[in-house]
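A.B. asks: Let me give you the structure first, and then I'll get to my questions.
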Amino acid sequence: MTTLDDREGADGGPDRFLAGLEDDCARCGGSGRVVNDAWRAWHERADELVRVAQAVRRAAELNAPDRENAARQCQEHEPEIVRAIDRTIDDHVRARPADPERVGCAACRGSGRVLSPAGLRLVEFLRRHGFVRDR
Ligand SMILES: [Zn+2]
C-alpha cells in the first residue's frame with residue numbers, strides 16, 4: 001500500500017503525489033461497473049439449473065439398462081425429469097432481468113477509484129481546516 005510519505009520522495013512530482021491519494025476500488029476492481037444484483041442472482045440460479053441438469057443426465061445414463069449405448073438411449077428416451085429441468089431452464093432464460101447487466105459501482109460512484117489511506121488523511125486534514133464538507 002502506498003502512503004503519502006512514499007510519494008513525497010525526491011523524484012515524486014504532483015502526479016505521483018495525487019496518484020498516491022487513490023487506489024483502485026476493491027468492489028469493482030477499478031472498472032467503475034459491477035454486475036447488477038438481479039443479474040447476479042439470475043446467473044447463480046442459471047448455474048444451479050445447469051448443474052442439476054448435468055447431474056440428472058449423468059444419473060439417467062448410469063441407470064440405463066444398456067450402459068454401452070446409455071447416452072444415445074437417454075437422448076432418445078429422455079426421462080421426464082430431464083425434460084422438466086429443460087423447461088425450467090427455458091423459463092429461467094425468458095425471465096432475464098430487464099435492467100442492464102452491469103451498473104455503476106456504488107462504492108466508487110462509477111469512477112473506479114477510491115481514496116487511499118493517504119487520501120483519507122488528506123481529506124481529514126482539509127476537513128479540519130474547513131475546506132471539505134460532509135456530503
Ligand atoms: Zn467501484
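Residue numbers start at 1 in each chain; chains themselves are named A, B, ... in the order of the C-alpha cells; ligands are numbered from 1 in the order shown.
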Residues within 8 Å of ligand 1, counting only C-alpha atoms and all ligand atoms: report them as a PDB file with C-alpha atoms, in the first residue's frame.
C.D. replies:
```
ATOM      1  CA  ASP A  24      -8.402   1.051  -7.404  1.00  0.00           C
ATOM      2  CA  CYS A  25     -11.842   0.364  -5.999  1.00  0.00           C
ATOM      3  CA  ALA A  26     -11.840  -3.096  -4.435  1.00  0.00           C
ATOM      4  CA  ARG A  27     -15.519  -3.717  -5.196  1.00  0.00           C
ATOM      5  CA  CYS A  28     -15.340  -3.170  -8.974  1.00  0.00           C
ATOM      6  CA  GLY A  29     -11.616  -3.779  -9.480  1.00  0.00           C
ATOM      7  CA  GLY A  30     -11.192  -0.258 -10.862  1.00  0.00           C
ATOM      8  CA  SER A  31     -13.671  -0.658 -13.730  1.00  0.00           C
ATOM      9  CA  GLY A  32     -16.347   1.523 -12.136  1.00  0.00           C
ATOM     10  CA  ARG A  33     -19.001  -1.046 -13.129  1.00  0.00           C
ATOM     11  CA  VAL A  34     -20.427  -4.037 -11.255  1.00  0.00           C
ATOM     12  CA  GLY A 104     -22.200   1.912 -11.932  1.00  0.00           C
ATOM     13  CA  CYS A 105     -20.360   0.853  -8.796  1.00  0.00           C
ATOM     14  CA  ALA A 106     -21.875   2.447  -5.697  1.00  0.00           C
ATOM     15  CA  ALA A 107     -18.631   2.180  -3.710  1.00  0.00           C
ATOM     16  CA  CYS A 108     -16.685   4.490  -6.064  1.00  0.00           C
ATOM     17  CA  ARG A 109     -19.683   6.143  -7.781  1.00  0.00           C
ATOM     18  CA  GLY A 110     -18.520   4.713 -11.101  1.00  0.00           C
ATOM     19  CA  SER A 111     -15.051   6.264 -11.081  1.00  0.00           C
ATOM     20  CA  GLY A 112     -13.183   3.035 -10.337  1.00  0.00           C
ATOM     21  CA  ARG A 113     -11.054   4.889  -7.798  1.00  0.00           C
ATOM     22  CA  VAL A 114     -11.375   5.336  -4.039  1.00  0.00           C
TER      23      VAL A 114
END
```
A.B. asks: In chain A, what's strand (DSSP E) per DSSP? Answer as a ChimeraX atom specification?
C.D. replies: /A:22-24,33-35,102-104,113-115
A.B. asks: Just the residues within 10 Å of Leu122 (chain A), please, counting only C-alpha atoms, with nothing from its chain fewer than 6 positions along; format it as a list in words.
C.D. replies: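 Everything that qualifies: Leu4, Leu21, Leu115, Ser116 and Arg128 of chain A.
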A.B. asks: So that I can see what lies close to Arg45 (chain A), please list as an MDAnalysis selection string the residues with an atom at most 12 Å from it, counting only C-alpha atoms and leaving out residues fewer than 4 positions away in the same chain.
C.D. replies: chainID A and resid 38:41 49:52 88:89 91:93 95:96
A.B. asks: Just to be explicit: take each residue in the selection above, keep C-alpha atoms, and write the result as a PDB file, in the first residue's frame.
C.D. replies:
```
ATOM      1  CA  ALA A  38     -30.711  -9.024 -10.043  1.00  0.00           C
ATOM      2  CA  TRP A  39     -28.388 -10.317 -12.761  1.00  0.00           C
ATOM      3  CA  ARG A  40     -26.010 -11.832 -10.208  1.00  0.00           C
ATOM      4  CA  ALA A  41     -28.929 -13.800  -8.693  1.00  0.00           C
ATOM      5  CA  LEU A  49     -30.035 -25.305 -13.011  1.00  0.00           C
ATOM      6  CA  VAL A  50     -27.244 -26.355 -15.383  1.00  0.00           C
ATOM      7  CA  ARG A  51     -25.542 -28.349 -12.604  1.00  0.00           C
ATOM      8  CA  VAL A  52     -28.846 -30.079 -11.765  1.00  0.00           C
ATOM      9  CA  THR A  88     -37.310 -24.782 -16.114  1.00  0.00           C
ATOM     10  CA  ILE A  89     -34.086 -23.617 -17.778  1.00  0.00           C
ATOM     11  CA  ASP A  91     -38.396 -20.394 -18.341  1.00  0.00           C
ATOM     12  CA  HIS A  92     -35.373 -19.037 -16.499  1.00  0.00           C
ATOM     13  CA  VAL A  93     -33.789 -17.808 -19.742  1.00  0.00           C
ATOM     14  CA  ALA A  95     -37.118 -14.435 -17.117  1.00  0.00           C
ATOM     15  CA  ARG A  96     -33.886 -12.499 -17.597  1.00  0.00           C
TER      16      ARG A  96
END
```
A.B. asks: Among region 20-115 of chain A, which residues carry a DSSP assignment of helix (DSSP H, G or I), reported as number ranges by chain?
C.D. replies: A: 37-62, 67-76, 80-94
A.B. asks: Find, counting only C-alpha atoms, the residue in A:Asp99, A:Glu61, A:Glu48, A:Glu22 that gets nearest to Pro79 (chain A).
C.D. replies: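 With only C-alpha atoms as the atom set, the closest residue is A:Glu61.
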A.B. asks: What does the distance from CA of Ala60 (chain A) to CA of Ile81 (chain A) come to in Å, to one decimal?
C.D. replies: 9.6 Å
